[in-house]
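Structure file protein.txt; described as compact mmCIF, N, CA and C atoms.
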# COMPACT_ATOMS: atom_id res chain seq x y z
N MET A 297 11.06 -36.98 -13.32
CA MET A 297 10.70 -36.73 -11.94
C MET A 297 11.15 -35.33 -11.50
N LYS A 298 12.36 -34.92 -11.91
CA LYS A 298 12.86 -33.59 -11.54
C LYS A 298 11.97 -32.50 -12.14
N ILE A 299 11.52 -32.73 -13.37
CA ILE A 299 10.66 -31.75 -14.04
C ILE A 299 9.34 -31.61 -13.27
N PHE A 300 8.81 -32.71 -12.78
CA PHE A 300 7.56 -32.68 -12.01
C PHE A 300 7.72 -31.82 -10.76
N PHE A 301 8.81 -32.04 -10.01
CA PHE A 301 9.03 -31.28 -8.78
C PHE A 301 9.28 -29.80 -9.07
N PHE A 302 9.98 -29.50 -10.17
CA PHE A 302 10.20 -28.11 -10.55
C PHE A 302 8.87 -27.44 -10.90
N ALA A 303 8.01 -28.14 -11.65
CA ALA A 303 6.70 -27.59 -12.00
C ALA A 303 5.84 -27.39 -10.75
N LEU A 304 5.91 -28.34 -9.82
CA LEU A 304 5.16 -28.21 -8.57
C LEU A 304 5.66 -27.02 -7.76
N LEU A 305 6.98 -26.86 -7.66
CA LEU A 305 7.56 -25.73 -6.94
C LEU A 305 7.16 -24.40 -7.58
N LEU A 306 7.19 -24.34 -8.89
CA LEU A 306 6.81 -23.13 -9.62
C LEU A 306 5.36 -22.77 -9.37
N SER A 307 4.46 -23.76 -9.38
CA SER A 307 3.05 -23.47 -9.15
C SER A 307 2.79 -23.04 -7.71
N VAL A 308 3.48 -23.61 -6.75
CA VAL A 308 3.32 -23.19 -5.35
C VAL A 308 3.83 -21.76 -5.18
N THR A 309 4.96 -21.44 -5.82
CA THR A 309 5.50 -20.08 -5.75
C THR A 309 4.49 -19.09 -6.33
N GLN A 310 3.85 -19.44 -7.44
CA GLN A 310 2.84 -18.56 -8.03
C GLN A 310 1.65 -18.39 -7.08
N LEU A 311 1.25 -19.45 -6.41
CA LEU A 311 0.13 -19.35 -5.47
C LEU A 311 0.46 -18.42 -4.31
N VAL A 312 1.68 -18.51 -3.80
CA VAL A 312 2.05 -17.72 -2.63
C VAL A 312 2.37 -16.28 -3.00
N PHE A 313 3.17 -16.07 -4.03
CA PHE A 313 3.67 -14.73 -4.33
C PHE A 313 2.98 -14.05 -5.50
N GLY A 314 2.25 -14.78 -6.34
CA GLY A 314 1.71 -14.20 -7.56
C GLY A 314 0.28 -13.75 -7.47
N GLN A 315 -0.35 -13.85 -6.30
CA GLN A 315 -1.75 -13.50 -6.20
C GLN A 315 -1.92 -12.01 -5.91
N ALA A 316 -2.90 -11.43 -6.54
CA ALA A 316 -3.27 -10.05 -6.25
C ALA A 316 -4.32 -10.05 -5.16
N SER A 317 -4.47 -8.92 -4.51
CA SER A 317 -5.51 -8.81 -3.49
C SER A 317 -6.18 -7.45 -3.61
N SER A 318 -7.38 -7.38 -3.09
CA SER A 318 -8.12 -6.11 -3.08
C SER A 318 -9.11 -6.15 -1.94
N GLY A 319 -9.59 -4.99 -1.58
CA GLY A 319 -10.56 -4.88 -0.50
C GLY A 319 -10.69 -3.45 -0.04
N LYS A 320 -11.16 -3.29 1.18
CA LYS A 320 -11.26 -1.95 1.75
C LYS A 320 -10.97 -2.03 3.24
N PHE A 321 -10.60 -0.90 3.79
CA PHE A 321 -10.36 -0.80 5.22
C PHE A 321 -10.75 0.60 5.68
N VAL A 322 -10.98 0.72 6.98
CA VAL A 322 -11.38 2.00 7.58
C VAL A 322 -10.30 2.43 8.55
N VAL A 323 -9.89 3.68 8.46
CA VAL A 323 -9.00 4.27 9.45
C VAL A 323 -9.90 5.06 10.39
N ASN A 324 -9.98 4.62 11.63
CA ASN A 324 -10.82 5.30 12.62
C ASN A 324 -10.10 6.53 13.15
N GLY A 325 -10.64 7.14 14.16
CA GLY A 325 -10.02 8.32 14.76
C GLY A 325 -10.71 9.59 14.32
N ASP A 326 -9.95 10.68 14.32
CA ASP A 326 -10.47 12.00 13.98
C ASP A 326 -10.17 12.32 12.52
N ILE A 327 -11.10 13.03 11.89
CA ILE A 327 -10.97 13.35 10.46
C ILE A 327 -9.84 14.35 10.20
N ASP A 328 -9.42 15.09 11.20
CA ASP A 328 -8.37 16.08 11.01
C ASP A 328 -7.00 15.61 11.52
N LYS A 329 -6.87 14.29 11.77
CA LYS A 329 -5.61 13.72 12.20
C LYS A 329 -5.21 12.58 11.27
N TYR A 330 -3.91 12.27 11.28
CA TYR A 330 -3.37 11.20 10.45
C TYR A 330 -2.88 10.05 11.33
N TYR A 331 -3.04 8.83 10.81
CA TYR A 331 -2.70 7.64 11.58
C TYR A 331 -1.83 6.72 10.74
N PRO A 332 -0.83 6.09 11.36
CA PRO A 332 0.03 5.18 10.60
C PRO A 332 -0.69 3.88 10.28
N VAL A 333 -0.68 3.51 9.01
CA VAL A 333 -1.24 2.24 8.56
C VAL A 333 -0.06 1.44 8.01
N ILE A 334 0.13 0.23 8.52
CA ILE A 334 1.29 -0.58 8.16
C ILE A 334 0.92 -1.58 7.07
N PHE A 335 1.68 -1.55 6.00
CA PHE A 335 1.56 -2.51 4.90
C PHE A 335 2.83 -3.36 4.90
N ASN A 336 2.77 -4.54 4.33
CA ASN A 336 3.92 -5.42 4.30
C ASN A 336 4.38 -5.60 2.86
N ASP A 337 5.67 -5.53 2.65
CA ASP A 337 6.27 -5.71 1.32
C ASP A 337 6.40 -7.20 1.02
N TYR A 338 5.27 -7.84 0.71
CA TYR A 338 5.27 -9.27 0.42
C TYR A 338 5.96 -9.59 -0.91
N GLY A 339 6.11 -8.61 -1.76
CA GLY A 339 6.82 -8.84 -3.02
C GLY A 339 8.32 -9.06 -2.80
N TRP A 340 8.84 -8.63 -1.66
CA TRP A 340 10.28 -8.74 -1.36
C TRP A 340 10.73 -10.19 -1.47
N VAL A 341 9.98 -11.11 -0.89
CA VAL A 341 10.34 -12.52 -0.88
C VAL A 341 10.27 -13.11 -2.29
N GLY A 342 9.36 -12.60 -3.11
CA GLY A 342 9.22 -13.07 -4.49
C GLY A 342 10.11 -12.33 -5.47
N HIS A 343 11.04 -11.49 -4.96
CA HIS A 343 12.00 -10.76 -5.79
C HIS A 343 11.31 -9.83 -6.78
N GLN A 344 10.28 -9.13 -6.29
CA GLN A 344 9.57 -8.17 -7.12
C GLN A 344 9.11 -7.00 -6.25
N PRO A 345 8.88 -5.84 -6.83
CA PRO A 345 8.34 -4.73 -6.06
C PRO A 345 6.89 -5.02 -5.65
N THR A 346 6.50 -4.48 -4.53
CA THR A 346 5.11 -4.54 -4.10
C THR A 346 4.43 -3.27 -4.59
N GLU A 347 3.25 -3.44 -5.20
CA GLU A 347 2.47 -2.29 -5.66
C GLU A 347 1.17 -2.25 -4.89
N ILE A 348 0.90 -1.09 -4.30
CA ILE A 348 -0.33 -0.88 -3.54
C ILE A 348 -1.01 0.35 -4.13
N GLN A 349 -2.27 0.20 -4.50
CA GLN A 349 -3.05 1.33 -4.98
C GLN A 349 -4.19 1.57 -3.99
N ILE A 350 -4.31 2.81 -3.56
CA ILE A 350 -5.35 3.20 -2.62
C ILE A 350 -6.24 4.22 -3.31
N GLY A 351 -7.54 3.99 -3.27
CA GLY A 351 -8.45 4.88 -3.96
C GLY A 351 -9.71 5.20 -3.18
N ARG A 352 -10.21 6.38 -3.44
CA ARG A 352 -11.52 6.85 -2.97
C ARG A 352 -12.07 7.72 -4.08
N SER A 353 -12.88 7.16 -4.95
CA SER A 353 -13.42 7.94 -6.07
C SER A 353 -14.54 8.86 -5.63
N ASP A 354 -15.34 8.42 -4.68
CA ASP A 354 -16.53 9.15 -4.24
C ASP A 354 -16.18 10.15 -3.14
N ALA A 355 -16.26 11.43 -3.46
CA ALA A 355 -15.93 12.48 -2.49
C ALA A 355 -16.91 12.53 -1.32
N HIS A 356 -18.03 11.81 -1.44
CA HIS A 356 -19.04 11.82 -0.38
C HIS A 356 -19.02 10.55 0.48
N GLU A 357 -18.08 9.66 0.24
CA GLU A 357 -18.00 8.45 1.07
C GLU A 357 -17.63 8.85 2.49
N ASP A 358 -18.36 8.35 3.44
CA ASP A 358 -18.19 8.61 4.88
C ASP A 358 -18.78 9.95 5.33
N ALA A 359 -18.78 10.96 4.48
CA ALA A 359 -19.34 12.28 4.82
C ALA A 359 -19.40 13.12 3.54
N ASN A 360 -20.30 14.10 3.51
CA ASN A 360 -20.39 14.99 2.35
C ASN A 360 -19.09 15.77 2.17
N TRP A 361 -18.61 15.78 0.96
CA TRP A 361 -17.39 16.48 0.58
C TRP A 361 -16.19 16.09 1.44
N ASN A 362 -16.13 14.81 1.79
CA ASN A 362 -15.00 14.31 2.56
C ASN A 362 -13.73 14.27 1.70
N GLY A 363 -13.90 14.13 0.40
CA GLY A 363 -12.76 14.18 -0.51
C GLY A 363 -12.48 12.87 -1.20
N SER A 364 -11.58 12.91 -2.15
CA SER A 364 -11.19 11.71 -2.88
C SER A 364 -9.67 11.70 -3.02
N VAL A 365 -9.17 10.51 -3.28
CA VAL A 365 -7.73 10.34 -3.45
C VAL A 365 -7.48 9.15 -4.36
N MET A 366 -6.48 9.24 -5.17
CA MET A 366 -5.95 8.13 -5.94
C MET A 366 -4.45 8.12 -5.65
N ALA A 367 -3.96 7.03 -5.07
CA ALA A 367 -2.55 6.95 -4.71
C ALA A 367 -1.99 5.59 -5.11
N ARG A 368 -0.81 5.62 -5.68
CA ARG A 368 -0.12 4.38 -6.07
C ARG A 368 1.26 4.39 -5.43
N PHE A 369 1.57 3.30 -4.73
CA PHE A 369 2.87 3.14 -4.10
C PHE A 369 3.53 1.90 -4.69
N ARG A 370 4.72 2.06 -5.19
CA ARG A 370 5.51 0.93 -5.70
C ARG A 370 6.77 0.91 -4.84
N ILE A 371 6.94 -0.17 -4.08
CA ILE A 371 7.98 -0.17 -3.06
C ILE A 371 8.81 -1.46 -3.09
N HIS A 372 10.01 -1.34 -2.61
CA HIS A 372 10.86 -2.48 -2.30
C HIS A 372 11.64 -2.04 -1.06
N THR A 373 11.34 -2.66 0.07
CA THR A 373 11.90 -2.20 1.35
C THR A 373 13.37 -2.60 1.49
N MET A 374 14.04 -1.93 2.42
CA MET A 374 15.47 -2.10 2.63
C MET A 374 15.82 -3.44 3.30
N MET A 375 15.04 -3.88 4.28
CA MET A 375 15.27 -5.13 5.00
C MET A 375 16.72 -5.26 5.48
N TRP A 376 17.08 -4.52 6.50
CA TRP A 376 18.41 -4.58 7.12
C TRP A 376 19.53 -4.07 6.21
N GLY A 377 19.22 -3.37 5.16
CA GLY A 377 20.28 -2.75 4.37
C GLY A 377 20.53 -3.34 3.00
N HIS A 378 19.66 -4.22 2.51
CA HIS A 378 19.82 -4.71 1.14
C HIS A 378 19.70 -3.53 0.19
N GLY A 379 20.52 -3.48 -0.82
CA GLY A 379 20.72 -2.27 -1.59
C GLY A 379 19.68 -1.87 -2.61
N SER A 380 18.70 -2.68 -2.92
CA SER A 380 17.81 -2.33 -4.03
C SER A 380 16.50 -1.71 -3.58
N HIS A 381 16.49 -1.05 -2.43
CA HIS A 381 15.24 -0.49 -1.92
C HIS A 381 14.88 0.83 -2.63
N PHE A 382 13.56 1.07 -2.75
CA PHE A 382 13.08 2.31 -3.36
C PHE A 382 11.61 2.51 -3.00
N ILE A 383 11.13 3.73 -3.20
CA ILE A 383 9.72 4.08 -3.05
C ILE A 383 9.36 4.97 -4.24
N GLU A 384 8.38 4.56 -5.03
CA GLU A 384 7.84 5.39 -6.11
C GLU A 384 6.39 5.68 -5.77
N THR A 385 5.95 6.92 -5.93
CA THR A 385 4.57 7.26 -5.61
C THR A 385 3.94 8.13 -6.70
N ASN A 386 2.65 7.99 -6.84
CA ASN A 386 1.79 8.90 -7.59
C ASN A 386 0.59 9.15 -6.69
N ILE A 387 0.44 10.38 -6.23
CA ILE A 387 -0.65 10.70 -5.30
C ILE A 387 -1.42 11.90 -5.85
N TYR A 388 -2.72 11.69 -6.04
CA TYR A 388 -3.60 12.75 -6.52
C TYR A 388 -4.69 12.98 -5.47
N GLN A 389 -4.71 14.17 -4.88
CA GLN A 389 -5.67 14.50 -3.83
C GLN A 389 -5.75 16.02 -3.75
N GLY A 390 -6.72 16.52 -3.01
CA GLY A 390 -6.74 17.97 -2.83
C GLY A 390 -8.11 18.58 -2.83
N ARG A 391 -8.26 19.63 -3.58
CA ARG A 391 -9.46 20.45 -3.48
C ARG A 391 -10.48 20.13 -4.56
N GLN A 392 -11.72 20.45 -4.28
CA GLN A 392 -12.83 20.29 -5.22
C GLN A 392 -13.45 21.67 -5.39
N ASP A 393 -13.20 22.30 -6.53
CA ASP A 393 -13.69 23.66 -6.80
C ASP A 393 -13.31 24.59 -5.66
N MET A 394 -14.28 25.12 -4.95
CA MET A 394 -14.00 26.08 -3.87
C MET A 394 -13.94 25.42 -2.50
N VAL A 395 -14.16 24.12 -2.44
CA VAL A 395 -14.15 23.42 -1.16
C VAL A 395 -12.74 22.90 -0.90
N VAL A 396 -12.12 23.33 0.19
CA VAL A 396 -10.79 22.86 0.54
C VAL A 396 -10.94 21.52 1.25
N ILE A 397 -10.25 20.54 0.75
CA ILE A 397 -10.31 19.20 1.32
C ILE A 397 -8.95 18.86 1.92
N VAL A 398 -8.97 18.37 3.15
CA VAL A 398 -7.74 17.96 3.80
C VAL A 398 -7.18 16.74 3.06
N PRO A 399 -5.91 16.76 2.69
CA PRO A 399 -5.35 15.61 1.98
C PRO A 399 -5.47 14.31 2.79
N PHE A 400 -5.54 13.19 2.10
CA PHE A 400 -5.68 11.89 2.75
C PHE A 400 -4.33 11.29 3.12
N VAL A 401 -3.30 11.52 2.31
CA VAL A 401 -1.98 10.93 2.56
C VAL A 401 -1.07 12.03 3.10
N ALA A 402 -0.60 11.83 4.34
CA ALA A 402 0.29 12.83 4.95
C ALA A 402 1.75 12.47 4.77
N GLY A 403 2.05 11.20 4.53
CA GLY A 403 3.43 10.79 4.35
C GLY A 403 3.54 9.29 4.26
N TYR A 404 4.77 8.82 4.06
CA TYR A 404 5.04 7.39 3.94
C TYR A 404 6.49 7.15 4.31
N HIS A 405 6.79 5.88 4.70
CA HIS A 405 8.13 5.59 5.21
C HIS A 405 8.44 4.10 5.14
N ASP A 406 9.64 3.77 4.69
CA ASP A 406 10.15 2.40 4.75
C ASP A 406 10.67 2.20 6.17
N ALA A 407 10.05 1.30 6.91
CA ALA A 407 10.38 1.11 8.33
C ALA A 407 11.35 -0.05 8.55
N THR A 408 12.17 -0.39 7.55
CA THR A 408 12.99 -1.60 7.66
C THR A 408 14.49 -1.36 7.67
N LYS A 409 14.93 -0.14 7.86
CA LYS A 409 16.37 0.12 7.85
C LYS A 409 17.09 -0.72 8.90
N SER A 410 16.50 -0.85 10.08
CA SER A 410 17.08 -1.64 11.17
C SER A 410 16.14 -2.74 11.58
N SER A 411 15.48 -3.37 10.61
CA SER A 411 14.47 -4.37 10.92
C SER A 411 14.32 -5.33 9.76
N GLY A 412 13.86 -6.53 10.06
CA GLY A 412 13.57 -7.51 9.03
C GLY A 412 12.08 -7.70 8.83
N SER A 413 11.29 -6.70 9.18
CA SER A 413 9.83 -6.83 9.18
C SER A 413 9.18 -6.64 7.82
N ARG A 414 9.83 -6.00 6.88
CA ARG A 414 9.28 -5.64 5.56
C ARG A 414 8.11 -4.65 5.68
N ASP A 415 8.04 -3.90 6.78
CA ASP A 415 6.94 -2.96 6.99
C ASP A 415 7.14 -1.66 6.21
N PHE A 416 6.05 -1.20 5.65
CA PHE A 416 5.99 0.07 4.95
C PHE A 416 4.81 0.83 5.54
N VAL A 417 5.03 2.06 6.00
CA VAL A 417 4.02 2.82 6.72
C VAL A 417 3.50 3.96 5.85
N ILE A 418 2.17 4.09 5.80
CA ILE A 418 1.53 5.23 5.13
C ILE A 418 0.65 5.92 6.17
N TRP A 419 0.82 7.23 6.35
CA TRP A 419 -0.02 7.99 7.27
C TRP A 419 -1.26 8.47 6.51
N LEU A 420 -2.42 7.98 6.95
CA LEU A 420 -3.69 8.28 6.28
C LEU A 420 -4.64 9.03 7.20
N LYS A 421 -5.48 9.85 6.58
CA LYS A 421 -6.47 10.65 7.31
C LYS A 421 -7.47 9.73 8.01
N GLY A 422 -7.80 10.09 9.23
CA GLY A 422 -8.72 9.29 10.02
C GLY A 422 -10.18 9.47 9.62
N LYS A 423 -11.02 8.62 10.20
CA LYS A 423 -12.47 8.62 9.98
C LYS A 423 -12.82 8.52 8.50
N SER A 424 -12.09 7.62 7.79
CA SER A 424 -12.27 7.50 6.34
C SER A 424 -12.11 6.06 5.89
N THR A 425 -12.85 5.70 4.84
CA THR A 425 -12.77 4.38 4.22
C THR A 425 -11.85 4.47 3.02
N TYR A 426 -11.01 3.45 2.86
CA TYR A 426 -10.07 3.37 1.74
C TYR A 426 -10.26 2.05 1.02
N HIS A 427 -10.14 2.07 -0.29
CA HIS A 427 -10.22 0.87 -1.12
C HIS A 427 -8.81 0.63 -1.68
N TYR A 428 -8.41 -0.63 -1.75
CA TYR A 428 -7.05 -0.91 -2.20
C TYR A 428 -7.01 -2.10 -3.15
N THR A 429 -5.96 -2.12 -3.95
CA THR A 429 -5.57 -3.29 -4.73
C THR A 429 -4.07 -3.41 -4.58
N SER A 430 -3.59 -4.64 -4.70
CA SER A 430 -2.15 -4.89 -4.61
C SER A 430 -1.79 -6.06 -5.50
N ASN A 431 -0.56 -6.08 -5.96
CA ASN A 431 -0.11 -7.18 -6.81
C ASN A 431 0.26 -8.42 -5.99
N VAL A 432 0.27 -8.32 -4.68
CA VAL A 432 0.58 -9.45 -3.79
C VAL A 432 -0.48 -9.51 -2.70
N LEU A 433 -0.49 -10.61 -1.95
CA LEU A 433 -1.44 -10.73 -0.84
C LEU A 433 -1.19 -9.69 0.22
Using structure tokens, write down the structure from this file.
Amino acid sequence: MKIFFFALLLSVTQLVFGQASSGKFVVNGDIDKYYPVIFNDYGWVGHQPTEIQIGRSDAHEDANWNGSVMARFRIHTMMWGHGSHFIETNIYQGRQDMVVIVPFVAGYHDATKSSGSRDFVIWLKGKSTYHYTSNVL
């Protein structure tokens, strides 16, 4: 009986914390301004880093020569001061030949030093569509 409940608990944990997600979102506003987009470190509860990949392969999505970006964020937020927090990034963006393209990622920040929200903020260029994948919901 104990083995059954352990197996049930393990499968529920996998359903909640082990699912990947993907999709797209649009940051409205002006193309020459950056806006905070809040992501949640859902991996924190499952004792794993959260990985978020943001991509735009097509430089013409939303407008001609709007640009492209490939960005990977691997994070574990602080959550009121727990000691294992970190941010790892790989961000590839910039120019296309002679056309100067405004970067898509202006910055990022762990917003949990004095909070239990698990929020992670990425400032992204406005008036643009972004595609994402993550190791958690």
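Atom pair atom C of Trp361 (chain A) / CA of Gln349 (chain A): separated by 20.8 Å.
The gap separating atom N of Asn360 (chain A) from atom N of Ile387 (chain A) is 23.2 Å, in Å to one decimal.
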Enumerate the residues of chain A with a DSSP assignment of strand (DSSP E or B), computed from the backbone, and present them as a VMD selection string. chain A and resid 317 to 323 330 to 336 346 to 352 365 to 372 382 to 389 392 395 401 to 406 415 to 421 424 to 430
Can you pull out the residues contacting Gly319 (chain A)? Cut-off 12 Å, using only C-alpha atoms, and skip same-chain residues under 6 positions away; I want them as a list in words. Ile348, Gln349, Ile350, Gly351, Thr425, Tyr426, His427, Tyr428, Thr429, Ser430 and Leu433 of chain A
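Using only N, CA and C atoms for every distance, the candidate list A:His378, A:Glu384, A:Lys423, A:Pro399 yields A:Pro399 as the residue closest to Val365 (chain A).
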